[in-house]
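Visitor: I am attaching a structure below and will ask some questions about it afterwards.
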Amino acid sequence: MLENAGLILGLSVLIFCALRGFSIILASLLATVVVIVTNHLPLADSLLTDFAVGPLGGFTFAGKFFLLFVSGAVFGRMMAETKAAQALAWFLADTIGSDRALWIITGAFAILTYGGVSVFIVIFALYPLGVELIRRANIPKRLFCGAAILGSGTFTMTALPGAPSIHNAISAEKLGTSLFAGPLLGLLAAAIMFGLGMWYLERERIKAAQRGEDFVPAPHDVEPSEKHEANPSSPIRVILPLVTVIGLILLPKALLQWVDVASDAWLSQVLVFANQQHILWPSSALFIGTIVTIVLHPRIWSTASTIVSRGAQDAIMPLINTAVVVGFGGVVAKTAGFSSFSKLVVNAPLPPLVSLFLSVNIVAGIAGSASGGLRIFMETLSPSYLAMGIQPEVLHRIATVSAGGLDTLPHCGAIIAMFTIVGLTHRQAYRDVFIVSVLIPMIASLTLVFVASVF
């Protein structure tokens, strides 16, 4: 009983500290110590091994996905420094209309994250332009957060086939599937998340206008800038790096269907290698996208090395913030309470896909991270679900989409980072984030469970 109470207390400490604005690094360490003490785990081994470098340790995770974080951060920094990200948003504004600010913000975030840029990096890159768009449309800033997380932390993160996200890579790496696993299920989930999310955001925008809720800048927000100052790039120079990244990720799978293995043995080996490397290949595509961005923007050639160096530095805090939450989950996974939970969920008299949905969501909620929770699930529980007869591709897609449900509880590192950047509190903006990144993704996950069970 004390052990189970300890798990709940540890999670409560983590959420409370997040809501109070504590460092997620210190909050994770404190919550981990609470779990260790209440579960009578060895302090030294738990902190130095299970939390840090064990199979589910935070820095084991950081080492495995280091290249993906760095390549995404470097690409994102280059897109920001060249103003390509801002130019992309302005291109969308010219095409769709400035009164569709929330659609533009969601679309810009979605395109960049589907191109492989980390959600942390995209928030930094697009925040200045997003603020200007909602300022001009007089939309409350809290809805910027909703649009940003809808575009970057829902359908592009877990649902769209081929996405070079860490979440997609974790499932592919463990299950031996590809980034395109369960394509129809993924497209269905993406349509649900995008459709319901935009419906909610537009409804809130209209209601906010009716009650006179205006845009209120944060103290650190800059004054409005002219369009031409934020848009030095042509649409082609903006889109080509993204097309390069996505194309390089898609190309090996497409070409493998057409290559004659007997006559093109060397090319076939290269394509097979690319399809098997779920971390190295997307990382390489992102680095090549960075090179293309540099080539297309001669004005930054003299400072390119500095920009790349800053981009690499940008990866550190997102990587560490994610890693420490993963480390907390790694200690939780060693407790008797987690073992009891695992047996309870796996052996529950529920359909296997329903059990899968519940277990992934709960683990992601405990970890406060979709990637961290999915990593723990794949290492500890996925073999049991494969043994139940769930096809690897179905398991890949439903588990990945489900990990994007309870992951964004208040202690989620990405949410804390976003609120810090935009200058809002949980009290001001979390409700909208909860609707679009917790409630709606869970509806999408349950829909996939139903469809996969029936068909």
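Chain labels A, B, ... are given in the sequence in which chains occur in the structure tokens; within each chain residues are numbered consecutively from 1, and ligands are likewise numbered from 1 in the order shown.
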Just the residues within 8 Å of segment 13-28 of chain A, please, counting only C-alpha atoms, with nothing from its chain fewer than 6 positions along; format it as a PyMOL selection string.

Guide: chain A and resi 320-321+324-325+328+409-413+416+426

Visitor: Can you tell me which residues surround Leu196 of chain A at a distance of at most 12 Å, considering only C-alpha atoms, apart from same-chain residues fewer than 3 positions away, and format the answer as a list of chain:residue names?

Guide: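 Result of the neighbour search: A:Ala147, A:Leu150, A:Thr154, A:Phe155, A:Ala189, A:Ala190, A:Ala191, A:Ile192, A:Met193, A:Trp199, A:Tyr200, A:Leu201, A:Glu202, A:Arg203, A:Ile435, A:Val436, A:Ser437, A:Leu439, A:Ile440, A:Pro441, A:Met442, A:Ile443, A:Ala444.
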
Visitor: With a cut-off of 9 Å, could you pull out the residues of segment 300-402 of chain A touching segment 39-55 of chain A and give me the nearest pair of atoms for each, distance in Å to one decimal, using only C-alpha atoms, ordered by chain and ascending number, as a Markdown table?

Guide:
```
| residue | atom | partner | partner_atom | distance |
| --- | --- | --- | --- | --- |
| A:Ala323 | CA | A:Ala52 | CA | 8.6 |
| A:Val324 | CA | A:Phe51 | CA | 7.8 |
| A:Val326 | CA | A:Phe51 | CA | 8.0 |
| A:Gly327 | CA | A:Phe51 | CA | 4.2 |
| A:Phe328 | CA | A:Phe51 | CA | 6.1 |
| A:Gly329 | CA | A:Phe51 | CA | 7.9 |
| A:Gly330 | CA | A:Phe51 | CA | 5.7 |
| A:Val331 | CA | A:Asp50 | CA | 5.5 |
| A:Ala333 | CA | A:Asp50 | CA | 9.0 |
| A:Lys334 | CA | A:Asp50 | CA | 7.8 |
| A:Thr335 | CA | A:Asn39 | CA | 6.5 |
| A:Ala336 | CA | A:Asn39 | CA | 7.5 |
| A:Gly337 | CA | A:Asn39 | CA | 8.2 |
| A:Glu379 | CA | A:Pro55 | CA | 8.5 |
```

Visitor: Write a file of the just-selected residues containing C-alpha atoms, as a compact mmCIF listing (two decimals), in the first residue's frame.

Guide:
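part28.txt, written as the output of this step:
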```txt
# COMPACT_ATOMS: atom_id res chain seq x y z
CA ALA A 323 15.91 12.79 -20.18
CA VAL A 324 15.29 13.62 -16.51
CA VAL A 326 12.49 9.61 -18.60
CA GLY A 327 14.85 8.90 -15.68
CA PHE A 328 11.98 9.40 -13.22
CA GLY A 329 10.01 6.85 -15.22
CA GLY A 330 12.99 4.50 -15.20
CA VAL A 331 12.97 4.46 -11.40
CA ALA A 333 9.53 1.03 -13.59
CA LYS A 334 11.67 -0.64 -10.89
CA THR A 335 9.05 -0.37 -8.16
CA ALA A 336 6.74 -3.09 -6.92
CA GLY A 337 3.81 -0.76 -7.58
CA GLU A 379 10.82 -1.87 -23.12
```

Visitor: Could you check which of A:Leu187, A:Leu280, A:Ile104, A:Leu29 is closest to Phe65 of chain A, using only C-alpha atoms?

Guide: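 Looking at the shortest contact to Phe65 of chain A, the residue is A:Leu280.
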
Visitor: Mind pulling up the distance from atom CA of Ile149 of chain A to atom CA of Leu353 of chain A?

Guide: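 Pair atom CA of Leu353 of chain A / atom CA of Ile149 of chain A returns 26.5 Å.
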
Visitor: Considering only C-alpha atoms, return as a count of residues only whatever protein or nucleic-acid residues lie within 12 Å of Arg211 of chain A, sequence-local ones (same chain, fewer than 5 positions apart) excluded.

Guide: 5

Visitor: Pick from A:Leu185, A:Leu143, A:Val117, A:Ala387: nearest to Met198 of chain A, with only C-alpha atoms counted?

Guide: A:Leu143

Visitor: Could you list, as number ranges by chain, every residue within 9 Å of Ala181 of chain A, counting only C-alpha atoms and ignoring same-chain residues fewer than 6 positions away?

Guide: A: 161-162, 168, 172, 392-394, 396-397
